[in-house]
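Visitor: Before anything else, here's the structure in question.
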Amino acid sequence: MVTLVGIVILAVALPAWAGITYVGLVRARRGDGPPPLRPPRLRRTPARKAAWVAGLAYLAGGAVHLYGLSYMPFLQPEDACWFGVGIMDSPDSSSALPVSLVCHGIEVVPWWVNPGLLVLAVTAVAATVASVVLAVRGSRRAAAVRRGA
């Protein structure tokens, strides 16, 4: 254990300390100060938050759908049943939406894939509509404020 700690100190800590010290010495010699501050970020409006939620829901829905499709037979259908149920035979039925693969009366795709897709699709559509509505309301409010000022 002591040897491992010594190796970590020699391999990580000392080079990092030397690099930090070198950068500090170079900055002191040049007279460089800290890097300039970044401009402030735009305010996070409710429309922008809803758009982020919609984007994440679309992304997660796509990932869940691809996961469900990974159970589908593409090149050799009998392999899908072999890996899913352990029977070397062609599937009884399969579909991409709702995601389903049935081999000898046994559903191979996990039970949570289709309800998860439904929840994520509803969330994505609702958040998209909410984002558009909030953006339109916000722009109308801003225009009213400008007219009134």
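Here, A, B, ... name the chains of the structure tokens in the order displayed, residue numbers run from 1 inside each chain, and ligands are numbered from 1 in the same displayed order.
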List every residue of region 64-131 of chain A that DSSP, applied to the backbone of this structure, assigns to strand (DSSP E), and report them as a list in words.

Guide: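 Strand (DSSP E) members of region 64-131 of chain A, listed: Ser93, Ser94, Ser95, Ala96, Val99, Ser100, Leu101, Val102, Cys103, Ile106 and Glu107 of chain A.
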
Visitor: Keeping C-alpha atoms, export the residues of the selection given above as a PDB file, in the first residue's frame.

Guide:
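Wrote selection35.pdb, looks like this:
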```
ATOM      1  CA  SER A  93     -44.110 -11.720 -34.726  1.00  0.00           C
ATOM      2  CA  SER A  94     -42.111  -8.541 -34.418  1.00  0.00           C
ATOM      3  CA  SER A  95     -42.832  -4.844 -34.775  1.00  0.00           C
ATOM      4  CA  ALA A  96     -40.883  -1.631 -34.349  1.00  0.00           C
ATOM      5  CA  VAL A  99     -41.529  -2.505 -29.903  1.00  0.00           C
ATOM      6  CA  SER A 100     -42.358  -6.191 -29.756  1.00  0.00           C
ATOM      7  CA  LEU A 101     -40.693  -9.522 -30.460  1.00  0.00           C
ATOM      8  CA  VAL A 102     -42.646 -12.712 -29.712  1.00  0.00           C
ATOM      9  CA  CYS A 103     -40.926 -16.096 -29.819  1.00  0.00           C
ATOM     10  CA  ILE A 106     -42.928 -15.276 -25.039  1.00  0.00           C
ATOM     11  CA  GLU A 107     -42.383 -11.515 -25.308  1.00  0.00           C
TER      12      GLU A 107
END
```

Visitor: For region 109-121 of chain A, please output as a PDB file with N, CA and C atoms, in the first residue's frame all residues within 12 Å (counting only C-alpha atoms; exclusion window: fewer than 6 positions along the same chain).

Guide:
```
ATOM      1  N   VAL A  53     -36.089  20.539 -21.510  1.00  0.00           N
ATOM      2  CA  VAL A  53     -36.804  19.323 -21.103  1.00  0.00           C
ATOM      3  C   VAL A  53     -37.271  18.554 -22.336  1.00  0.00           C
ATOM      4  N   ALA A  54     -37.786  19.261 -23.324  1.00  0.00           N
ATOM      5  CA  ALA A  54     -38.242  18.608 -24.552  1.00  0.00           C
ATOM      6  C   ALA A  54     -37.076  17.924 -25.269  1.00  0.00           C
ATOM      7  N   GLY A  55     -35.966  18.628 -25.382  1.00  0.00           N
ATOM      8  CA  GLY A  55     -34.803  18.030 -26.046  1.00  0.00           C
ATOM      9  C   GLY A  55     -34.296  16.785 -25.332  1.00  0.00           C
ATOM     10  N   LEU A  56     -34.245  16.853 -24.012  1.00  0.00           N
ATOM     11  CA  LEU A  56     -33.801  15.680 -23.255  1.00  0.00           C
ATOM     12  C   LEU A  56     -34.793  14.529 -23.374  1.00  0.00           C
ATOM     13  N   ALA A  57     -36.084  14.840 -23.404  1.00  0.00           N
ATOM     14  CA  ALA A  57     -37.086  13.785 -23.559  1.00  0.00           C
ATOM     15  C   ALA A  57     -36.990  13.140 -24.938  1.00  0.00           C
ATOM     16  N   TYR A  58     -36.774  13.961 -25.988  1.00  0.00           N
ATOM     17  CA  TYR A  58     -36.581  13.396 -27.329  1.00  0.00           C
ATOM     18  C   TYR A  58     -35.338  12.502 -27.365  1.00  0.00           C
ATOM     19  N   LEU A  59     -34.266  12.954 -26.761  1.00  0.00           N
ATOM     20  CA  LEU A  59     -33.028  12.183 -26.754  1.00  0.00           C
ATOM     21  C   LEU A  59     -33.189  10.878 -25.987  1.00  0.00           C
ATOM     22  N   ALA A  60     -33.798  10.941 -24.806  1.00  0.00           N
ATOM     23  CA  ALA A  60     -34.003   9.731 -24.007  1.00  0.00           C
ATOM     24  C   ALA A  60     -34.967   8.778 -24.712  1.00  0.00           C
ATOM     25  N   GLY A  61     -36.003   9.318 -25.352  1.00  0.00           N
ATOM     26  CA  GLY A  61     -36.935   8.463 -26.092  1.00  0.00           C
ATOM     27  C   GLY A  61     -36.242   7.743 -27.238  1.00  0.00           C
ATOM     28  N   GLY A  62     -35.373   8.454 -27.934  1.00  0.00           N
ATOM     29  CA  GLY A  62     -34.612   7.812 -29.004  1.00  0.00           C
ATOM     30  C   GLY A  62     -33.708   6.710 -28.478  1.00  0.00           C
ATOM     31  N   ALA A  63     -33.085   6.953 -27.335  1.00  0.00           N
ATOM     32  CA  ALA A  63     -32.207   5.936 -26.745  1.00  0.00           C
ATOM     33  C   ALA A  63     -32.999   4.704 -26.310  1.00  0.00           C
ATOM     34  N   VAL A  64     -34.162   4.910 -25.694  1.00  0.00           N
ATOM     35  CA  VAL A  64     -34.994   3.776 -25.275  1.00  0.00           C
ATOM     36  C   VAL A  64     -35.502   3.017 -26.491  1.00  0.00           C
ATOM     37  N   HIS A  65     -35.876   3.730 -27.554  1.00  0.00           N
ATOM     38  CA  HIS A  65     -36.355   3.050 -28.757  1.00  0.00           C
ATOM     39  C   HIS A  65     -35.235   2.240 -29.398  1.00  0.00           C
ATOM     40  N   LEU A  66     -34.033   2.805 -29.459  1.00  0.00           N
ATOM     41  CA  LEU A  66     -32.905   2.036 -30.004  1.00  0.00           C
ATOM     42  C   LEU A  66     -32.601   0.816 -29.153  1.00  0.00           C
ATOM     43  N   TYR A  67     -32.722   0.955 -27.833  1.00  0.00           N
ATOM     44  CA  TYR A  67     -32.513  -0.197 -26.956  1.00  0.00           C
ATOM     45  C   TYR A  67     -33.549  -1.275 -27.251  1.00  0.00           C
ATOM     46  N   GLY A  68     -34.806  -0.873 -27.404  1.00  0.00           N
ATOM     47  CA  GLY A  68     -35.843  -1.849 -27.728  1.00  0.00           C
ATOM     48  C   GLY A  68     -35.612  -2.490 -29.085  1.00  0.00           C
ATOM     49  N   LEU A  69     -35.158  -1.699 -30.049  1.00  0.00           N
ATOM     50  CA  LEU A  69     -34.895  -2.248 -31.380  1.00  0.00           C
ATOM     51  C   LEU A  69     -33.699  -3.192 -31.400  1.00  0.00           C
ATOM     52  N   SER A  70     -32.845  -3.116 -30.382  1.00  0.00           N
ATOM     53  CA  SER A  70     -31.700  -4.026 -30.345  1.00  0.00           C
ATOM     54  C   SER A  70     -32.139  -5.474 -30.166  1.00  0.00           C
ATOM     55  N   TYR A  71     -33.378  -5.698 -29.740  1.00  0.00           N
ATOM     56  CA  TYR A  71     -33.901  -7.057 -29.610  1.00  0.00           C
ATOM     57  C   TYR A  71     -34.478  -7.588 -30.922  1.00  0.00           C
ATOM     58  N   MET A  72     -34.649  -6.723 -31.905  1.00  0.00           N
ATOM     59  CA  MET A  72     -35.309  -7.098 -33.161  1.00  0.00           C
ATOM     60  C   MET A  72     -34.414  -7.961 -34.038  1.00  0.00           C
ATOM     61  N   PRO A  73     -35.050  -8.835 -34.815  1.00  0.00           N
ATOM     62  CA  PRO A  73     -34.277  -9.639 -35.775  1.00  0.00           C
ATOM     63  C   PRO A  73     -33.993  -8.827 -37.027  1.00  0.00           C
ATOM     64  N   ALA A  80     -32.426 -13.911 -33.042  1.00  0.00           N
ATOM     65  CA  ALA A  80     -33.136 -13.074 -32.070  1.00  0.00           C
ATOM     66  C   ALA A  80     -33.829 -13.947 -31.032  1.00  0.00           C
ATOM     67  N   CYS A  81     -34.472 -15.015 -31.464  1.00  0.00           N
ATOM     68  CA  CYS A  81     -35.114 -15.923 -30.507  1.00  0.00           C
ATOM     69  C   CYS A  81     -34.082 -16.711 -29.715  1.00  0.00           C
ATOM     70  N   PHE A  83     -31.040 -15.706 -28.736  1.00  0.00           N
ATOM     71  CA  PHE A  83     -30.461 -14.881 -27.692  1.00  0.00           C
ATOM     72  C   PHE A  83     -31.504 -14.428 -26.673  1.00  0.00           C
ATOM     73  N   GLY A  84     -32.755 -14.263 -27.109  1.00  0.00           N
ATOM     74  CA  GLY A  84     -33.791 -13.777 -26.201  1.00  0.00           C
ATOM     75  C   GLY A  84     -34.402 -14.853 -25.334  1.00  0.00           C
ATOM     76  N   VAL A  85     -34.738 -16.018 -25.941  1.00  0.00           N
ATOM     77  CA  VAL A  85     -35.471 -17.057 -25.220  1.00  0.00           C
ATOM     78  C   VAL A  85     -34.665 -18.346 -25.121  1.00  0.00           C
ATOM     79  N   SER A  93     -43.802 -13.054 -34.209  1.00  0.00           N
ATOM     80  CA  SER A  93     -44.110 -11.720 -34.726  1.00  0.00           C
ATOM     81  C   SER A  93     -43.113 -10.724 -34.167  1.00  0.00           C
ATOM     82  N   SER A  94     -42.970  -9.624 -34.900  1.00  0.00           N
ATOM     83  CA  SER A  94     -42.111  -8.541 -34.418  1.00  0.00           C
ATOM     84  C   SER A  94     -42.610  -7.238 -35.023  1.00  0.00           C
ATOM     85  N   SER A  95     -42.463  -6.164 -34.265  1.00  0.00           N
ATOM     86  CA  SER A  95     -42.832  -4.844 -34.775  1.00  0.00           C
ATOM     87  C   SER A  95     -41.944  -3.797 -34.120  1.00  0.00           C
ATOM     88  N   ALA A  96     -41.765  -2.686 -34.840  1.00  0.00           N
ATOM     89  CA  ALA A  96     -40.883  -1.631 -34.349  1.00  0.00           C
ATOM     90  C   ALA A  96     -41.616  -0.625 -33.471  1.00  0.00           C
ATOM     91  N   LEU A  97     -42.926  -0.447 -33.686  1.00  0.00           N
ATOM     92  CA  LEU A  97     -43.680   0.485 -32.845  1.00  0.00           C
ATOM     93  C   LEU A  97     -45.097  -0.043 -32.702  1.00  0.00           C
ATOM     94  N   PRO A  98     -45.531  -0.500 -31.597  1.00  0.00           N
ATOM     95  CA  PRO A  98     -44.802  -0.674 -30.355  1.00  0.00           C
ATOM     96  C   PRO A  98     -43.729  -1.748 -30.515  1.00  0.00           C
ATOM     97  N   VAL A  99     -42.660  -1.590 -29.787  1.00  0.00           N
ATOM     98  CA  VAL A  99     -41.529  -2.505 -29.903  1.00  0.00           C
ATOM     99  C   VAL A  99     -41.950  -3.854 -29.331  1.00  0.00           C
ATOM    100  N   SER A 100     -41.898  -4.877 -30.173  1.00  0.00           N
ATOM    101  CA  SER A 100     -42.358  -6.191 -29.756  1.00  0.00           C
ATOM    102  C   SER A 100     -41.630  -7.277 -30.535  1.00  0.00           C
ATOM    103  N   LEU A 101     -41.266  -8.331 -29.845  1.00  0.00           N
ATOM    104  CA  LEU A 101     -40.693  -9.522 -30.460  1.00  0.00           C
ATOM    105  C   LEU A 101     -41.231 -10.714 -29.683  1.00  0.00           C
ATOM    106  N   VAL A 102     -42.019 -11.557 -30.352  1.00  0.00           N
ATOM    107  CA  VAL A 102     -42.646 -12.712 -29.712  1.00  0.00           C
ATOM    108  C   VAL A 102     -42.043 -13.970 -30.300  1.00  0.00           C
ATOM    109  N   CYS A 103     -41.485 -14.810 -29.424  1.00  0.00           N
ATOM    110  CA  CYS A 103     -40.926 -16.096 -29.819  1.00  0.00           C
ATOM    111  C   CYS A 103     -41.616 -17.186 -29.012  1.00  0.00           C
ATOM    112  N   ALA A 127     -43.712  19.370 -23.578  1.00  0.00           N
ATOM    113  CA  ALA A 127     -42.684  20.376 -23.319  1.00  0.00           C
ATOM    114  C   ALA A 127     -42.424  21.233 -24.561  1.00  0.00           C
ATOM    115  N   THR A 128     -42.516  20.647 -25.743  1.00  0.00           N
ATOM    116  CA  THR A 128     -42.347  21.430 -26.965  1.00  0.00           C
ATOM    117  C   THR A 128     -43.464  22.455 -27.102  1.00  0.00           C
TER     118      THR A 128
END
```

Visitor: Suppose you want the space between CA of Pro46 (chain A) and CA of Arg146 (chain A); what is it in Å?

Guide: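 These atoms are spaced 20.3 Å apart.
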
Visitor: Just checking: using only C-alpha atoms, which residue out of A:His104, A:Ala142, A:Ala50, A:Ile87 ends up closest to Val125 (chain A)?

Guide: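 Looking only at the distances to Val125 (chain A), the closest residue turns out to be A:Ala50.
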